[in-house]
Amino acid sequence: MKIYDEGSEPLHELLKGASSDQGATLLVPDLQRPYVWTPSQVTLLVDSLLRGWPFGTLLLWKVHKEDLARIPSRPFWRVADRTGEFDDEQVSKSNPPAEFRMVLDGQQRMQSLLLAFGGDSWGFRLLDQEWSTVLDAERPRGRYAKRHWSMGHLCLDVWSFRNRVKEAGGIANVDFRDVLSWVVQSPSGGRSTLKKPVNYKHPITSAQDTENKGRFVRLSRLWDLASTQAGLFEKYFRDKLRPLLESHDVPKEVIDDVLVPLAELVVTLVGVKQSKVSYLQLAPFNAEVFSQDLYNDAIVNIFTRLNTAGRALTRQEITFAWIKTGWDASKTGNRTAGRCFEELSKALAEENVNIDIDALVGSVSAMWSVLHGSGALLTATDLLRGEKVRPMAQDLVKSWETVSTNAIEGAKLVNDRRFLFGTHYRSLNVLTLLLAWRLLGRQWLATHSLSVLAKDGFEKALDAAFGNSCDRWILMSQWSGRWGKSTDKALADYVKDLASDWSKISSLCEPDDVIAVLTARMEVWNGALQAESSKYIDDLAVLSRDRVHDYYLPLWLWHRIDTRRWKASDIPLREPKRGSLSLDVDHIVAVKLWETLPGGLPQVDSEDEGALSADDLSTTMNAIGNCCLLEKSFNIAKGVEPLGAFLQRIHEFKTGKHKVDDWTKDIGVDPMLVDPTGKPTTEVRAVVEARTAAMKSELKEYLAGARQRADL
């Protein structure tokens, strides 16, 4: 069943619908990405249209006025402000016609033409340092150089136009990028008023400067002059152009030179105005054709599959649009939703959690579902139901201080325990659920008045409970394969668990009872993961040298669950005149060294049942028992030397500060592995297998709660 129609309209009619002083009827859904084009890209687009090149197809969405309130939307910007000091100025919405249309694809092009042709109040407000980059000008210097800004409007440089036309023999061969300039036009409000050095060089020209008198005419004035009334010819436009140029103080001799080619340019603009722009237009909801759920799902899928700015629009971006639309900045210190999320993202990055806004929105959305959504994660259909999504912004605004502070504190606790996102855990769900679990305690505290002593005791108990469960949760939720094929379902189940706990906790009065509920939840979660995680450890093995990095996390943990071992592991091993230290999985007995041992090569005697196959040897050589994770400046696996040879060159061992025998004992490395030269492969293999079994046993003891970390 077709959900769209094909159509076309003159370009000037589309721009009028987006910029009318009586109110815009062509809007931008606030599900779209912000406007990102630069002034140079705008100039290039205008040049393309003046050359007669196509504008491209649009994707529009027709919306009934009664449905508009359910969809986050905004008019186009009058001013594209990128200084951070102003709110972008918008066109007003029409009040209200029977139908609106939204630009789903083509926002950047439409906004660019509005900034070029819209009128005197349309343009870019950029920091001067950005203008210097855009216009390839000298970078501003001075005390406040990073804060100075300028407001630019697209203008025709009449003097350059005159010269280029003469050189090209007419306007047909003129490159309009050479005659269109971004210029400061306003004597007040065109530039920042901060004090500037006497020798400050503005990167963008001002029409107010004496040397530029009579040089620039706003392109929008020529656009307005380009009437689409039938029967108008160049003479008509020449008659209109002369007084326009005179009002801009263009010298008479210049006017005489440019009047004819400029009239040709206006005729070209008439053609641009009348050029038909093709579009696909999604139909408004019609209950006789679609069910509401089917229609909403189709629209959301169009959004999420639509290729905007080089990648697909995500559901998190749609969610964030709703959050921004309903955000009451007065309750968050006059900070918009965008600013609040950006600040939180930066604070998390300081705790080594580097995630983009999309990921952060998904994480915060899950937390909202725990506290306010009865544990139900938002579905695709929900994203077009204002009554379902709009409350998220209202709820988050009220509890933003608690939500954001909890996220930062929780991320710091994880970081303090040496877990790094992307290194020790790769699924953001791992951290999201930890933070959501901790949020239950913080939200309870925010809604209950406790004495200073009781509050301090609760906070310490909450952090202690967090520390007791955090490590096993991070490790086992990955080793159990929890974030494999059914990630969405797993997350949804965990969120429902927390929502159920919140319904209990929110009615409790005693801090100890809250901690008990939280502790019980983590015990259940971790308990359910233990068997699968232990099996992962049992099965852990690789066959090739380039796969031993798979042992990184198990080795990282193993080195930390014995006091003497950790103390030895924490010694940096740097050879003289070697490079920087790195923490990498390395072999203890190098593969090339194995090949020199008696019986170190695969045996091909098929009648000998005890003969070692290539897989047998590879499994042992690349077993976790033949690996370590130490901070060192050398790589054992790449050479043929034994570990002992490297250790003898380490300063701490050469000077006697540490003894090799004591260190290797503490690190759990048998003397045979320190230097296996000349030893039978079968004996070395037996030692590696025994070490592998012992290491796996200790790791499983930790998973069962029988061991603790010694590095904290």
# chains A, B, ... in the order shown; residues from 1 in each chain; ligands from 1
>>> residues_around(residues="Ala516 in chain A", least_positions_apart="3", cutoff="12 Å", atoms="only C-alpha atoms", output="ChimeraX atom specification")
/A:441,458,461-462,465,501,504-505,508,510-513,519-523
>>> write_last_selection(atoms="C-alpha atoms", output="compact mmCIF listing (two decimals), in the first residue's frame")
# COMPACT_ATOMS: atom_id res chain seq x y z
CA GLY A 441 19.00 4.40 45.94
CA PHE A 458 23.13 5.48 53.58
CA ALA A 461 26.22 1.70 52.39
CA LEU A 462 25.01 2.29 48.81
CA ALA A 465 26.89 -2.43 47.92
CA ASP A 501 12.33 -3.01 42.75
CA LYS A 504 9.02 -1.62 46.48
CA ILE A 505 11.73 0.86 47.38
CA LEU A 508 10.06 2.05 52.11
CA GLU A 510 14.18 2.73 56.40
CA PRO A 511 17.56 3.10 54.64
CA ASP A 512 18.61 -0.44 55.59
CA ASP A 513 15.52 -1.86 53.88
CA THR A 519 21.66 -6.06 47.43
CA ALA A 520 19.17 -8.85 46.82
CA ARG A 521 18.68 -7.73 43.22
CA MET A 522 22.40 -7.84 42.44
CA GLU A 523 22.74 -11.23 44.11
>>> select_by_dssp(residues="range 365-506 of chain A", states="helix (DSSP H, G or I)", output="MDAnalysis selection string")
chainID A and resid 365:371 381:384 386:416 428:446 452:479 487:505
>>> closest_residue(among="A:Leu282, A:Gly326, A:Lys577, A:Phe176", to="Asp30 in chain A", atoms="only C-alpha atoms")
A:Gly326
>>> atom_distance(atom1="CA of Glu409 in chain A", atom2="CA of Glu351 in chain A")
9.2 Å
>>> residues_around(residues="Ser569 in chain A", least_positions_apart="5", cutoff="9 Å", atoms="only C-alpha atoms", output="count of residues only")
9
>>> residues_around(residues="Cys628 in chain A", least_positions_apart="2", cutoff="7 Å", atoms="only C-alpha atoms", output="PyMOL selection string")
chain A and resi 555+585-588+630
>>> residues_around(residues="range 43-48 of chain A", least_positions_apart="5", cutoff="8 Å", atoms="only C-alpha atoms", output="CSV table (one decimal) with N, CA, C and O atoms, in the first residue's frame")
chain,number,residue,atom,x,y,z
A,53,TRP,N,21.7,24.2,-12.7
A,53,TRP,CA,21.8,22.8,-12.2
A,53,TRP,C,20.6,22.5,-11.3
A,53,TRP,O,20.0,23.4,-10.6
A,54,PRO,N,20.2,21.2,-11.2
A,54,PRO,CA,19.0,20.9,-10.4
A,54,PRO,C,19.1,21.0,-8.9
A,54,PRO,O,20.3,20.9,-8.4
A,109,ARG,N,19.4,21.9,2.4
A,109,ARG,CA,19.3,22.7,1.1
A,109,ARG,C,18.3,23.8,1.3
A,109,ARG,O,18.5,25.0,0.9
A,112,SER,N,19.6,26.5,3.6
A,112,SER,CA,20.6,27.3,3.0
A,112,SER,C,20.1,28.4,2.1
A,112,SER,O,20.5,29.5,2.1
A,113,LEU,N,19.0,28.0,1.3
A,113,LEU,CA,18.5,29.0,0.4
A,113,LEU,C,17.7,30.1,1.1
A,113,LEU,O,17.7,31.3,0.7
A,116,ALA,N,20.2,32.5,2.2
A,116,ALA,CA,20.7,33.3,1.1
A,116,ALA,C,19.7,34.3,0.6
A,116,ALA,O,20.0,35.5,0.3
A,154,LEU,N,24.6,37.1,2.7
A,154,LEU,CA,25.1,36.9,1.4
A,154,LEU,C,24.8,38.0,0.5
A,154,LEU,O,23.6,38.4,0.3
A,175,ASP,N,31.8,32.6,-12.7
A,175,ASP,CA,31.8,31.7,-11.6
A,175,ASP,C,31.2,32.6,-10.4
A,175,ASP,O,31.9,33.5,-9.9
A,176,PHE,N,30.0,32.4,-10.0
A,176,PHE,CA,29.4,33.2,-9.0
A,176,PHE,C,30.0,33.1,-7.6
A,176,PHE,O,29.7,34.0,-6.8
A,177,ARG,N,30.8,32.1,-7.4
A,177,ARG,CA,31.5,32.0,-6.2
A,177,ARG,C,32.5,33.2,-6.0
A,177,ARG,O,32.9,33.5,-4.9
A,180,LEU,N,30.0,36.5,-5.1
A,180,LEU,CA,29.1,36.4,-3.9
A,180,LEU,C,29.9,36.4,-2.7
A,180,LEU,O,30.9,35.6,-2.6
>>> residues_around(residues="Gly527 in chain A", least_positions_apart="3", cutoff="10 Å", atoms="only C-alpha atoms", output="list in words")
Arg472, Trp473, Met476, Arg521, Met522, Glu523, Val524, Gln530, Ala531, Leu703, Ala704 and Gly705 of chain A
>>> write_last_selection(atoms="all heavy atoms", output="CSV table (one decimal), in the first residue's frame")
chain,number,residue,atom,x,y,z
A,472,ARG,N,31.8,-8.2,39.5
A,472,ARG,CA,31.2,-9.4,39.0
A,472,ARG,C,30.2,-9.2,38.0
A,472,ARG,O,30.1,-10.0,37.0
A,472,ARG,CB,30.7,-10.3,40.2
A,472,ARG,CG,31.8,-10.8,41.1
A,472,ARG,CD,31.3,-11.7,42.2
A,472,ARG,NE,32.4,-12.3,42.9
A,472,ARG,CZ,33.1,-11.7,43.9
A,472,ARG,NH1,32.8,-10.5,44.2
A,472,ARG,NH2,34.1,-12.4,44.5
A,473,TRP,N,29.4,-8.2,38.2
A,473,TRP,CA,28.4,-7.8,37.2
A,473,TRP,C,29.0,-7.5,35.8
A,473,TRP,O,28.6,-8.0,34.8
A,473,TRP,CB,27.5,-6.7,37.7
A,473,TRP,CG,26.7,-6.1,36.6
A,473,TRP,CD1,26.9,-4.8,36.0
A,473,TRP,CD2,25.5,-6.6,35.9
A,473,TRP,NE1,26.0,-4.6,35.0
A,473,TRP,CE2,25.1,-5.7,34.9
A,473,TRP,CE3,24.9,-7.8,36.0
A,473,TRP,CZ2,24.0,-5.9,34.1
A,473,TRP,CZ3,23.8,-8.1,35.2
A,473,TRP,CH2,23.4,-7.1,34.2
A,476,MET,N,30.8,-10.9,34.5
A,476,MET,CA,29.9,-12.0,34.2
A,476,MET,C,28.8,-11.7,33.1
A,476,MET,O,28.4,-12.6,32.4
A,476,MET,CB,29.3,-12.6,35.5
A,476,MET,CG,30.3,-13.2,36.4
A,476,MET,SD,29.6,-14.3,37.6
A,476,MET,CE,28.6,-13.1,38.6
A,521,ARG,N,18.8,-7.8,44.7
A,521,ARG,CA,18.7,-7.7,43.2
A,521,ARG,C,20.0,-8.1,42.6
A,521,ARG,O,20.0,-8.9,41.6
A,521,ARG,CB,18.2,-6.3,42.7
A,521,ARG,CG,18.3,-6.2,41.2
A,521,ARG,CD,17.5,-7.2,40.5
A,521,ARG,NE,16.1,-7.2,40.9
A,521,ARG,CZ,15.2,-8.2,40.7
A,521,ARG,NH1,15.6,-9.3,40.1
A,521,ARG,NH2,13.9,-8.1,41.1
A,522,MET,N,21.1,-7.5,43.0
A,522,MET,CA,22.4,-7.8,42.4
A,522,MET,C,22.8,-9.3,42.7
A,522,MET,O,23.4,-9.9,41.8
A,522,MET,CB,23.5,-6.9,43.0
A,522,MET,CG,23.9,-5.8,42.1
A,522,MET,SD,24.2,-6.2,40.4
A,522,MET,CE,24.2,-4.5,39.7
A,523,GLU,N,22.4,-9.8,43.8
A,523,GLU,CA,22.7,-11.2,44.1
A,523,GLU,C,22.0,-12.1,43.1
A,523,GLU,O,22.5,-13.1,42.6
A,523,GLU,CB,22.4,-11.6,45.6
A,523,GLU,CG,23.3,-11.0,46.6
A,523,GLU,CD,22.9,-11.2,48.0
A,523,GLU,OE1,21.8,-11.7,48.2
A,523,GLU,OE2,23.7,-10.9,48.9
A,524,VAL,N,20.8,-11.8,42.8
A,524,VAL,CA,20.0,-12.6,41.9
A,524,VAL,C,20.6,-12.5,40.5
A,524,VAL,O,20.8,-13.5,39.8
A,524,VAL,CB,18.5,-12.1,41.9
A,524,VAL,CG1,17.7,-12.8,40.7
A,524,VAL,CG2,17.8,-12.5,43.2
A,530,GLN,N,26.4,-16.8,36.9
A,530,GLN,CA,27.6,-17.5,37.3
A,530,GLN,C,27.9,-18.8,36.5
A,530,GLN,O,29.0,-19.0,36.1
A,530,GLN,CB,27.6,-17.8,38.8
A,530,GLN,CG,28.8,-18.5,39.3
A,530,GLN,CD,28.7,-18.9,40.8
A,530,GLN,OE1,27.9,-18.4,41.5
A,530,GLN,NE2,29.5,-19.9,41.2
A,531,ALA,N,26.9,-19.6,36.3
A,531,ALA,CA,27.1,-20.9,35.6
A,531,ALA,C,27.6,-20.7,34.2
A,531,ALA,O,28.6,-21.3,33.8
A,531,ALA,CB,25.8,-21.7,35.6
A,703,LEU,N,34.4,-15.7,40.6
A,703,LEU,CA,33.1,-15.6,40.1
A,703,LEU,C,32.1,-16.1,41.2
A,703,LEU,O,30.9,-15.6,41.2
A,703,LEU,CB,32.9,-16.3,38.8
A,703,LEU,CG,33.7,-15.9,37.6
A,703,LEU,CD1,33.4,-16.7,36.4
A,703,LEU,CD2,33.5,-14.4,37.3
A,704,ALA,N,32.5,-17.1,41.9
A,704,ALA,CA,31.6,-17.6,43.0
A,704,ALA,C,31.6,-16.8,44.2
A,704,ALA,O,30.9,-17.1,45.2
A,704,ALA,CB,32.0,-19.1,43.3
A,705,GLY,N,32.4,-15.8,44.3
A,705,GLY,CA,32.5,-14.9,45.5
A,705,GLY,C,33.5,-15.4,46.5
A,705,GLY,O,33.6,-14.8,47.6
>>> atom_distance(atom1="CA of Glu6 in chain A", atom2="CA of Ile318 in chain A")
25.5 Å
>>> select_by_dssp(residues="range 517-591 of chain A", states="strand (DSSP E)", output="list of chain:residue names")
A:Ser582, A:Leu583, A:Asp584, A:Val585, A:Asp586, A:His587
>>> residues_around(residues="range 390-392 of chain A", least_positions_apart="2", cutoff="8 Å", atoms="only C-alpha atoms", output="list in words")
Trp322, Ile323, Gly326, Ser365, Trp368, Gly386, Glu387, Lys388, Gln394, Asp395 and Leu396 of chain A
>>> closest_residue(among="A:Ala393, A:Leu673, A:Leu491, A:Ile571", to="His651 in chain A", atoms="only C-alpha atoms")
A:Ile571
